[in-house]
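Structure data (mmCIF, C-alpha atoms and all ligand atoms) from run_3.cif:
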data_coords
loop_
_atom_site.label_atom_id
_atom_site.label_comp_id
_atom_site.auth_asym_id
_atom_site.auth_seq_id
_atom_site.Cartn_x
_atom_site.Cartn_y
_atom_site.Cartn_z
CA MET A 1 105.59 158.09 106.33
CA THR A 2 102.12 156.54 105.83
CA THR A 3 100.90 153.79 108.11
CA SER A 4 101.09 151.15 105.38
CA SER A 5 104.80 151.84 104.74
CA LEU A 6 105.76 151.52 108.39
CA PRO A 7 107.44 148.31 109.41
CA ALA A 8 104.77 145.69 110.13
CA VAL A 9 105.59 145.81 113.81
CA HIS A 10 104.39 149.42 114.10
CA ARG A 11 101.10 148.64 112.43
CA LEU A 12 100.29 146.30 115.31
CA LEU A 13 100.71 149.02 117.95
CA PRO A 14 97.73 150.98 119.31
CA SER A 15 97.53 154.76 119.12
CA GLU A 16 99.14 156.64 122.03
CA GLN A 17 95.84 158.31 122.91
CA PRO A 18 92.52 156.45 122.84
CA LEU A 19 90.74 156.84 119.49
CA ARG A 20 87.61 158.99 119.73
CA LEU A 21 84.99 160.34 117.32
CA ILE A 22 82.75 162.25 119.75
CA ASP A 23 84.26 163.86 122.85
CA GLN A 24 82.65 164.07 126.29
CA ASP A 25 81.12 167.44 125.46
CA GLY A 26 79.30 165.89 122.51
CA LEU A 27 81.54 167.47 119.89
CA ALA A 28 82.88 165.67 116.82
CA VAL A 29 86.60 164.86 116.85
CA ALA A 30 88.65 164.51 113.68
CA CYS A 31 90.13 161.00 113.54
CA ASP A 32 91.84 159.95 110.30
CA ASP A 33 92.15 156.31 111.31
CA VAL A 34 88.44 155.57 111.72
CA ILE A 35 85.45 155.72 109.36
CA PRO A 36 82.65 157.38 111.38
CA PRO A 37 79.21 155.73 111.46
CA ASP A 38 76.51 157.43 109.37
CA ASP A 39 73.67 159.42 110.96
CA ALA A 40 71.13 156.59 110.77
CA THR A 41 73.52 154.27 112.60
CA LEU A 42 74.19 156.88 115.30
CA MET A 43 70.46 157.37 115.84
CA ALA A 44 69.94 153.60 116.08
CA LEU A 45 72.81 153.41 118.59
CA HIS A 46 71.23 156.18 120.66
CA ARG A 47 67.94 154.28 120.79
CA SER A 48 69.75 151.08 121.87
CA LEU A 49 71.66 153.00 124.54
CA LEU A 50 68.46 154.38 126.05
CA LEU A 51 66.72 151.00 125.97
CA GLY A 52 69.80 149.23 127.34
CA ARG A 53 70.12 151.68 130.24
CA ARG A 54 66.47 151.20 131.13
CA PHE A 55 66.93 147.43 131.11
CA ASP A 56 69.99 147.78 133.35
CA THR A 57 68.22 149.94 135.96
CA GLN A 58 65.24 147.58 135.88
CA ALA A 59 67.45 144.54 136.46
CA THR A 60 69.16 146.29 139.41
CA ALA A 61 65.74 147.10 140.87
CA LEU A 62 64.70 143.44 140.53
CA THR A 63 67.62 142.38 142.75
CA LYS A 64 66.37 144.76 145.44
CA GLN A 65 62.91 143.22 145.20
CA GLY A 66 64.34 139.72 145.58
CA ARG A 67 63.27 138.71 142.08
CA LEU A 68 66.78 138.37 140.73
CA ALA A 69 69.56 136.56 142.61
CA VAL A 70 72.38 138.73 141.33
CA TYR A 71 72.95 141.37 138.69
CA PRO A 72 76.27 142.85 137.57
CA SER A 73 75.32 146.28 136.25
CA SER A 74 77.06 147.66 133.17
CA ARG A 75 75.95 151.25 133.72
CA GLY A 76 78.77 153.43 132.44
CA GLN A 77 79.95 150.72 130.05
CA ASP A 78 76.81 151.04 127.92
CA ALA A 79 78.67 152.28 124.84
CA CYS A 80 81.04 149.29 124.82
CA GLN A 81 78.18 146.83 124.90
CA VAL A 82 75.75 148.56 122.55
CA GLY A 83 78.36 149.75 120.05
CA SER A 84 80.23 146.46 119.73
CA VAL A 85 77.14 144.32 119.34
CA ALA A 86 75.68 146.65 116.72
CA ALA A 87 78.81 145.98 114.67
CA LEU A 88 78.09 142.23 114.48
CA ALA A 89 76.58 140.71 111.34
CA ALA A 90 73.62 138.36 111.87
CA GLY A 91 75.81 135.30 111.26
CA ASP A 92 78.58 136.40 113.63
CA TRP A 93 79.00 134.95 117.11
CA LEU A 94 79.14 136.73 120.45
CA PHE A 95 80.85 135.33 123.57
CA PRO A 96 79.75 137.49 126.54
CA THR A 97 80.54 137.54 130.26
CA TYR A 98 78.20 137.93 133.23
CA ARG A 99 78.48 141.74 132.89
CA ASP A 100 77.20 141.84 129.32
CA SER A 101 73.43 141.49 129.67
CA VAL A 102 72.91 144.86 127.96
CA ALA A 103 74.94 143.59 124.99
CA LEU A 104 72.60 140.61 124.70
CA VAL A 105 69.43 142.68 124.94
CA SER A 106 70.89 145.09 122.44
CA ARG A 107 71.52 142.18 120.08
CA GLY A 108 67.79 141.48 120.18
CA LEU A 109 67.60 138.66 122.72
CA ASP A 110 64.48 138.54 124.89
CA PRO A 111 65.28 140.45 128.15
CA ALA A 112 63.40 137.92 130.27
CA GLN A 113 65.39 135.06 128.74
CA VAL A 114 68.63 136.94 129.31
CA LEU A 115 67.91 137.13 133.05
CA VAL A 116 67.09 133.43 133.48
CA LEU A 117 70.66 132.49 134.46
CA LEU A 118 71.03 135.42 136.88
CA ARG A 119 67.74 134.41 138.41
CA GLY A 120 69.42 131.20 139.49
CA ASP A 121 68.32 128.68 136.88
CA TRP A 122 70.69 126.00 135.62
CA HIS A 123 70.44 127.01 131.95
CA CYS A 124 71.09 130.24 130.14
CA GLY A 125 67.54 131.00 129.13
CA TYR A 126 68.08 131.46 125.41
CA ASP A 127 69.13 129.21 122.55
CA PRO A 128 72.85 129.85 121.94
CA ILE A 129 72.78 128.25 118.48
CA ALA A 130 69.73 130.14 117.20
CA THR A 131 70.93 133.45 118.62
CA ARG A 132 74.61 132.87 117.84
CA THR A 133 75.29 134.03 121.38
CA ALA A 134 77.17 131.82 123.84
CA PRO A 135 75.93 131.53 127.43
CA GLN A 136 77.17 134.36 129.66
CA CYS A 137 80.20 132.92 131.43
CA THR A 138 81.03 133.54 135.07
CA PRO A 139 84.44 131.79 135.20
CA LEU A 140 86.74 134.55 133.95
CA ALA A 141 88.25 134.25 130.47
CA THR A 142 86.89 130.80 129.67
CA ASN A 143 84.86 132.46 126.93
CA THR A 144 88.05 133.67 125.21
CA LEU A 145 89.08 130.09 124.49
CA HIS A 146 85.60 129.09 123.41
CA ALA A 147 85.47 132.08 121.08
CA VAL A 148 88.80 131.30 119.46
CA GLY A 149 87.84 127.64 119.08
CA LEU A 150 84.61 128.52 117.31
CA ALA A 151 86.34 131.13 115.15
CA HIS A 152 89.07 128.71 114.10
CA ALA A 153 86.53 125.99 113.34
CA ALA A 154 84.49 128.42 111.22
CA ALA A 155 87.61 129.38 109.28
CA LEU A 156 88.49 125.72 108.68
CA ARG A 157 84.99 125.14 107.34
CA GLY A 158 85.14 128.21 105.14
CA ASP A 159 82.20 129.89 106.93
CA PRO A 160 82.41 133.69 106.61
CA VAL A 161 81.89 134.15 110.35
CA ALA A 162 83.55 136.60 112.71
CA VAL A 163 83.50 136.21 116.49
CA LEU A 164 83.39 138.91 119.16
CA VAL A 165 84.48 138.03 122.67
CA LEU A 166 83.95 140.42 125.58
CA LEU A 167 86.16 140.41 128.65
CA GLY A 168 87.17 142.64 131.53
CA ASP A 169 90.55 144.05 132.53
CA GLY A 170 90.79 141.48 135.33
CA ALA A 171 90.20 138.62 132.89
CA THR A 172 93.26 139.66 130.87
CA SER A 173 95.45 138.41 133.75
CA GLU A 174 94.03 134.88 133.44
CA GLY A 175 96.12 132.19 131.76
CA ASP A 176 93.18 131.34 129.52
CA THR A 177 93.35 134.79 127.92
CA HIS A 178 97.04 134.32 127.11
CA GLU A 179 96.34 130.98 125.45
CA ALA A 180 93.40 132.37 123.53
CA LEU A 181 95.33 135.38 122.22
CA ASN A 182 98.31 133.26 121.26
CA PHE A 183 96.25 130.59 119.51
CA ALA A 184 94.14 133.21 117.72
CA ALA A 185 97.20 134.98 116.35
CA VAL A 186 99.09 131.84 115.36
CA TYR A 187 96.08 130.39 113.52
CA ASN A 188 94.82 133.74 112.22
CA ALA A 189 91.42 133.06 113.77
CA PRO A 190 88.60 135.47 112.83
CA VAL A 191 88.08 136.76 116.34
CA VAL A 192 87.94 140.20 117.94
CA PHE A 193 88.78 140.57 121.64
CA LEU A 194 87.09 143.58 123.23
CA VAL A 195 88.43 144.33 126.70
CA GLN A 196 86.13 146.61 128.65
CA ASN A 197 88.65 148.20 130.98
CA ASN A 198 86.26 149.55 133.61
CA GLY A 199 89.02 150.32 136.11
CA PHE A 200 88.35 147.47 138.54
CA ALA A 201 88.26 143.71 138.96
CA ILE A 202 85.87 143.74 141.91
CA SER A 203 88.04 145.74 144.39
CA VAL A 204 91.34 145.40 142.50
CA PRO A 205 92.16 148.68 140.72
CA PHE A 206 93.72 148.61 137.28
CA ALA A 207 97.06 149.83 138.70
CA LYS A 208 97.35 146.45 140.47
CA GLN A 209 96.26 144.51 137.38
CA SER A 210 98.89 145.29 134.77
CA LYS A 211 102.12 147.22 134.31
CA ALA A 212 101.71 147.30 130.51
CA PRO A 213 101.47 150.78 128.91
CA SER A 214 97.94 149.72 127.97
CA LEU A 215 96.20 146.38 127.58
CA ALA A 216 96.01 147.10 123.85
CA HIS A 217 99.83 147.10 123.79
CA LYS A 218 99.76 143.43 124.75
CA ALA A 219 98.54 142.63 121.24
CA ILE A 220 101.94 143.12 119.67
CA GLY A 221 103.41 140.42 121.89
CA TYR A 222 101.07 137.96 120.23
CA GLY A 223 101.57 139.38 116.73
CA MET A 224 98.09 140.82 116.38
CA ARG A 225 96.79 144.35 115.97
CA GLY A 226 95.99 146.35 119.11
CA GLN A 227 93.55 149.26 119.27
CA LEU A 228 93.00 151.63 122.18
CA ILE A 229 89.66 153.43 122.16
CA ASP A 230 87.46 155.67 124.28
CA GLY A 231 84.93 153.17 125.59
CA ASN A 232 82.41 155.88 126.43
CA ASP A 233 82.18 156.97 122.80
CA VAL A 234 79.72 154.62 121.14
CA ALA A 235 80.59 155.95 117.69
CA VAL A 236 84.23 154.91 117.94
CA VAL A 237 83.37 151.59 119.60
CA TYR A 238 81.03 150.74 116.73
CA ALA A 239 83.47 151.90 114.03
CA VAL A 240 86.58 150.17 115.38
CA VAL A 241 84.85 146.88 116.26
CA ARG A 242 83.09 146.88 112.88
CA GLU A 243 86.37 147.32 111.01
CA ALA A 244 88.05 144.62 113.11
CA LEU A 245 85.18 142.17 112.49
CA ASP A 246 85.24 142.93 108.76
CA ARG A 247 88.97 142.30 108.64
CA ALA A 248 88.61 139.08 110.63
CA ARG A 249 85.88 137.80 108.32
CA VAL A 250 88.05 138.13 105.21
CA GLY A 251 91.10 136.46 106.75
CA ASP A 252 93.04 139.50 107.98
CA GLY A 253 93.33 138.03 111.45
CA PRO A 254 92.37 138.83 115.03
CA THR A 255 92.42 142.19 116.85
CA LEU A 256 92.71 143.08 120.52
CA ILE A 257 90.75 146.23 121.38
CA GLU A 258 90.92 147.91 124.76
CA ALA A 259 88.01 150.24 125.52
CA LEU A 260 88.61 152.64 128.41
CA THR A 261 85.44 152.99 130.48
CA TYR A 262 84.16 152.85 134.06
CA ARG A 263 81.78 150.74 136.12
CA ILE A 264 79.43 153.23 137.79
CA GLU A 265 77.65 150.74 140.05
CA ALA A 266 79.21 148.26 142.46
CA HIS A 267 80.63 144.98 141.05
CA THR A 268 77.24 143.36 141.72
CA ASN A 269 74.39 144.01 144.14
CA ALA A 270 76.40 141.88 146.62
CA ASP A 271 79.36 144.32 146.62
CA ASP A 272 79.97 147.55 148.54
CA ALA A 273 82.12 149.72 146.25
CA THR A 274 82.51 152.49 148.85
CA ARG A 275 85.04 150.23 150.60
CA TYR A 276 87.60 150.53 147.81
CA ARG A 277 86.94 153.70 145.80
CA GLU A 278 86.10 157.36 146.35
CA GLN A 279 82.73 158.78 145.37
CA ALA A 280 84.56 161.73 143.76
CA GLU A 281 85.99 159.33 141.17
CA VAL A 282 82.52 158.02 140.37
CA GLU A 283 81.27 161.61 140.01
CA THR A 284 84.04 162.33 137.50
CA TRP A 285 82.94 159.44 135.36
CA LEU A 286 79.27 160.35 135.68
CA GLN A 287 80.25 163.55 133.83
CA ARG A 288 81.50 161.33 130.99
CA ASP A 289 78.23 159.45 130.60
CA PRO A 290 78.18 157.72 127.21
CA ILE A 291 74.49 158.43 126.61
CA ASP A 292 74.67 162.13 127.47
CA ARG A 293 77.50 162.71 125.05
CA LEU A 294 75.69 161.14 122.09
CA THR A 295 72.47 162.91 123.05
CA THR A 296 74.29 166.27 123.01
CA TYR A 297 75.89 165.47 119.66
CA LEU A 298 72.66 164.33 117.99
CA ARG A 299 70.65 167.24 119.41
CA GLY A 300 73.30 169.65 118.19
CA ARG A 301 72.94 168.18 114.71
CA GLY A 302 69.13 168.37 114.88
CA LEU A 303 68.86 164.57 114.47
CA ILE A 304 66.85 164.01 117.67
CA ASP A 305 64.52 166.22 119.71
CA ASP A 306 62.41 166.02 122.87
CA ASP A 307 59.61 164.15 121.09
CA SER A 308 61.82 161.48 119.52
CA VAL A 309 63.65 160.90 122.83
CA ALA A 310 60.35 160.71 124.72
CA ALA A 311 59.11 158.05 122.27
CA VAL A 312 62.13 155.83 122.98
CA VAL A 313 61.82 156.43 126.73
CA ALA A 314 58.18 155.31 126.52
CA GLU A 315 59.26 152.20 124.61
CA GLY A 316 61.74 151.45 127.41
CA GLU A 317 59.01 151.79 130.02
CA THR A 318 56.80 149.33 128.12
CA GLN A 319 59.66 146.82 127.85
CA SER A 320 60.42 147.20 131.57
CA ALA A 321 56.77 146.63 132.50
CA MET A 322 56.78 143.42 130.43
CA LEU A 323 60.01 142.30 132.09
CA ARG A 324 58.61 142.97 135.57
CA ALA A 325 55.49 140.97 134.74
CA VAL A 326 57.60 137.92 133.82
CA MET A 327 60.00 138.29 136.73
CA ASN A 328 57.29 138.83 139.33
CA ALA A 329 55.73 135.46 138.55
CA ASP A 330 57.11 132.67 140.73
CA VAL A 331 59.17 130.02 138.94
CA ASP A 332 57.55 126.60 138.83
CA GLY A 333 60.82 124.68 138.77
CA ASP A 334 61.68 121.11 139.66
CA PRO A 335 64.53 121.18 142.25
CA LEU A 336 65.61 117.69 141.12
CA GLU A 337 66.66 119.19 137.78
CA LEU A 338 69.76 120.38 139.65
CA PHE A 339 71.16 116.90 139.21
CA GLU A 340 70.55 116.62 135.49
CA HIS A 341 72.69 117.66 132.53
CA LEU A 342 76.04 117.84 134.30
CA LEU A 343 77.39 114.29 134.28
CA ALA A 344 76.33 111.52 131.91
CA SER A 345 76.36 109.05 134.81
CA LYS A 346 76.00 110.39 138.34
CA THR A 347 78.58 109.67 141.02
CA ALA A 348 77.52 107.76 144.13
CA ALA A 349 77.61 110.98 146.15
CA LEU A 350 75.36 112.77 143.66
CA ARG A 351 72.92 109.83 143.60
CA GLU A 352 72.76 109.97 147.39
CA GLN A 353 72.20 113.75 147.42
CA ARG A 354 69.48 113.37 144.81
CA ARG A 355 67.77 110.68 146.93
CA LEU A 356 67.89 112.87 150.03
CA LEU A 357 66.36 115.82 148.15
CA ALA A 358 63.68 113.59 146.59
CA ASP A 359 62.75 112.30 150.08
CA GLU A 360 62.58 115.84 151.42
CA LEU A 361 60.36 116.96 148.54
CA ALA A 362 58.12 113.93 149.02
CA GLU A 363 57.71 114.94 152.67
CA GLY A 364 56.50 118.35 151.52
CA GLY A 365 59.73 120.39 151.68
CA ALA A 366 60.03 123.23 149.21
C1 LIG A 401 88.51 131.95 136.97
C2 LIG A 401 87.87 132.89 137.96
N1 LIG A 401 88.59 133.39 138.97
C3 LIG A 401 88.03 134.24 139.86
C4 LIG A 401 86.71 134.60 139.71
C5 LIG A 401 86.08 135.54 140.74
N2 LIG A 401 85.76 136.82 140.08
C6 LIG A 401 84.50 137.10 139.67
S1 LIG A 401 84.41 138.58 138.93
C7 LIG A 401 86.04 138.90 139.20
C8 LIG A 401 86.65 140.19 138.71
C9 LIG A 401 86.63 140.31 137.23
O1 LIG A 401 87.07 141.56 136.80
P1 LIG A 401 87.07 141.95 135.29
O2 LIG A 401 87.58 140.85 134.44
O3 LIG A 401 87.77 143.25 135.18
O4 LIG A 401 85.52 142.12 134.90
P2 LIG A 401 84.40 143.06 135.52
O5 LIG A 401 83.74 142.30 136.65
O6 LIG A 401 85.05 144.33 135.98
O7 LIG A 401 83.45 143.27 134.41
C10 LIG A 401 86.64 137.84 139.85
C11 LIG A 401 88.07 137.80 140.25
C12 LIG A 401 85.98 134.06 138.65
N3 LIG A 401 84.71 134.34 138.42
N4 LIG A 401 86.58 133.22 137.76
#

Could you render the structure as structure tokens?
Ligand SMILES: Cc1ncc(C[n+]2csc(CCOP(=O)(O)OP(=O)(O)O)c2C)c(N)n1
Amino acid sequence: MTTSSLPAVHRLLPSEQPLRLIDQDGLAVACDDVIPPDDATLMALHRSLLLGRRFDTQATALTKQGRLAVYPSSRGQDACQVGSVAALAAGDWLFPTYRDSVALVSRGLDPAQVLVLLRGDWHCGYDPIATRTAPQCTPLATNTLHAVGLAHAAALRGDPVAVLVLLGDGATSEGDTHEALNFAAVYNAPVVFLVQNNGFAISVPFAKQSKAPSLAHKAIGYGMRGQLIDGNDVAVVYAVVREALDRARVGDGPTLIEALTYRIEAHTNADDATRYREQAEVETWLQRDPIDRLTTYLRGRGLIDDDSVAAVVAEGETQSAMLRAVMNADVDGDPLELFEHLLASKTAALREQRRLLADELAEGGA
């Protein structure tokens, strides 16, 4: 029986095993359900992975130097972020979370602008309209509703836009995610939900998060297609997200994709992951590094060599040096800006707080 002749209900179910195109030893895997990316795309993805990883380690280092207030590393999840964003068309929208800085940089946003919010400023650093990238959201799952709203509006206007929203396994337990998935399915909104299941919501392991066979299985309950993929295989992430976005754009409805991956670093620089997980588990996942596997595959095919890798590594060093130069300069901000842009007319309490701060600043406080 071919897939298309199965009852519709079966076509919504994910595969039993995560879809994969390149295994952890860097070998190609036959997968009838997915069109593999061509060689040029794989080489471009490899470059983005290397540059993204360098950005991530640089951002982590900046927290240790006190230049960045907080940084949630996505090391280990690199393939999810790089692969999914590469699948977006220029006119598509991205709705990221706090963990998705590498996705933004990979989309071409200025790394220094991406870090503005995490540096503690009140704005997101880049122009969401011009970049078609929503501000990184910290309240879990709020971006799912925003994404569906924008997708539905685009469909009503007849704009050929698809929307990608990124969320974590923990965020799937939020009520907002339920509403977003339900609304998206009912209104056939052109949106793709990519859950990066990295095993933890801070210290809460996935076993305490959901009893579902997989998060991708939840899709059928909403009447949308679910896909389960290997989130450390950038080739399959790119291919499956690309197909889902293409389908969304032509009116074939939303998709829920679960990418199985792992957060190598702590939740943020403010977290101590040794308190809730064993180092042996981290070591296991280090063996499944998403960059190593693509490197092995491309080297095996003769598509990259030491010189081409060294050139990208050098590019990453140049970008990091530029980022450090921006981040090492002190911000010349106006503390009173804290009171702007939130409420059209300030409450009495806010007016009083603003007056107190203004007095303190006038007296020479910093
Ligand atoms: C609505 C809301 N509730 C609680 C939090 C506190 N919080 C911050 S991160 C986090 C865990 C999120 O886990 P997950 O969605 O899996 O994403 P990850 O951090 O692993 O990328 C929680 C509970 C929050 N930011 N927003």

What is the atom CA of A:Leu166 to atom C11 of ligand LIG 401 (chain A) distance in Å?
15.5 Å

What residues have an atom no more than 8 Å from (66.0, 124.6, 141.9) in the file's own frame, counting only C-alpha atoms, and can you write them as a ChimeraX atom specification?
/A:120-122,333-338

Just the number, please: distance in Å from atom CA of A:Val29 to atom CA of A:Ala311, one decimal.
28.8 Å

Grab me every residue within 10 Å of ligand LIG 401 (chain A), counting all atoms listed in the file, and send it over as a count of residues only.
43

Spatial neighbours of stretch 84-87 of chain A, 8 Å, only C-alpha atoms, chain gap at least 5 places, as a PyMOL selection string:
chain A and resi 45+79+94+103-104+106-107+237-239+241-242+245

Go through A:Arg132, A:His152, A:Arg354, A:Lys208 and flag the residue nearest A:Leu88, using only C-alpha atoms for the distances.
A:Arg132

Shell of 10 Å around A:Glu243, all atoms listed in the file, local chain residues under 3 positions omitted, as an mmCIF file with C-alpha atoms, in the frame of the given file:
data_model
loop_
_atom_site.group_PDB
_atom_site.id
_atom_site.type_symbol
_atom_site.label_atom_id
_atom_site.label_comp_id
_atom_site.auth_asym_id
_atom_site.auth_seq_id
_atom_site.Cartn_x
_atom_site.Cartn_y
_atom_site.Cartn_z
ATOM 1 C CA VAL A 34 88.440 155.570 111.720
ATOM 2 C CA ILE A 35 85.450 155.720 109.360
ATOM 3 C CA ALA A 87 78.810 145.980 114.670
ATOM 4 C CA TYR A 238 81.030 150.740 116.730
ATOM 5 C CA ALA A 239 83.470 151.900 114.030
ATOM 6 C CA VAL A 240 86.580 150.170 115.380
ATOM 7 C CA ASP A 246 85.240 142.930 108.760
ATOM 8 C CA ARG A 247 88.970 142.300 108.640
ATOM 9 C CA ALA A 248 88.610 139.080 110.630
ATOM 10 C CA ARG A 249 85.880 137.800 108.320
ATOM 11 C CA THR A 255 92.420 142.190 116.850
#

Just need the box for stretch 92-96 of chain A, edges along x, y and z, holding every atom the file lists for it with 3 Å tacked onto each side, so centre and edge lengths in Å to one decimal, as JSON.
{"center_x": 79.7, "center_y": 136.2, "center_z": 120.1, "size_x": 8.3, "size_y": 8.5, "size_z": 18.9}

Find the spatial neighbours of A:Gln58, counting all atoms listed in the file, within a cut-off of 9 Å - ignore same-chain residues fewer than 5 positions away - and output them as a ChimeraX atom specification.
/A:53,63,320,323-324

All residues 12 Å or closer to A:Leu303, all atoms listed in the file, same chain fewer than 6 positions away omitted, as a PDB file with C-alpha atoms, keeping the file's coordinate frame:
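This is the output file result-v3.pdb:
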ATOM      1  CA  ASP A  38      76.510 157.430 109.370  1.00  0.00           C
ATOM      2  CA  ASP A  39      73.670 159.420 110.960  1.00  0.00           C
ATOM      3  CA  ALA A  40      71.130 156.590 110.770  1.00  0.00           C
ATOM      4  CA  THR A  41      73.520 154.270 112.600  1.00  0.00           C
ATOM      5  CA  LEU A  42      74.190 156.880 115.300  1.00  0.00           C
ATOM      6  CA  MET A  43      70.460 157.370 115.840  1.00  0.00           C
ATOM      7  CA  ALA A  44      69.940 153.600 116.080  1.00  0.00           C
ATOM      8  CA  HIS A  46      71.230 156.180 120.660  1.00  0.00           C
ATOM      9  CA  LEU A 294      75.690 161.140 122.090  1.00  0.00           C
ATOM     10  CA  THR A 295      72.470 162.910 123.050  1.00  0.00           C
ATOM     11  CA  THR A 296      74.290 166.270 123.010  1.00  0.00           C
ATOM     12  CA  TYR A 297      75.890 165.470 119.660  1.00  0.00           C
ATOM     13  CA  VAL A 309      63.650 160.900 122.830  1.00  0.00           C
TER      14      VAL A 309
END

Can you work out which one of A:Asn328, A:Thr284, A:Ser308, A:Gln353 has the shortest atom-to-atom distance to A:Gln24, counting all atoms listed in the file?
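Among A:Asn328, A:Thr284, A:Ser308, A:Gln353, it is A:Thr284 that comes nearest to A:Gln24.
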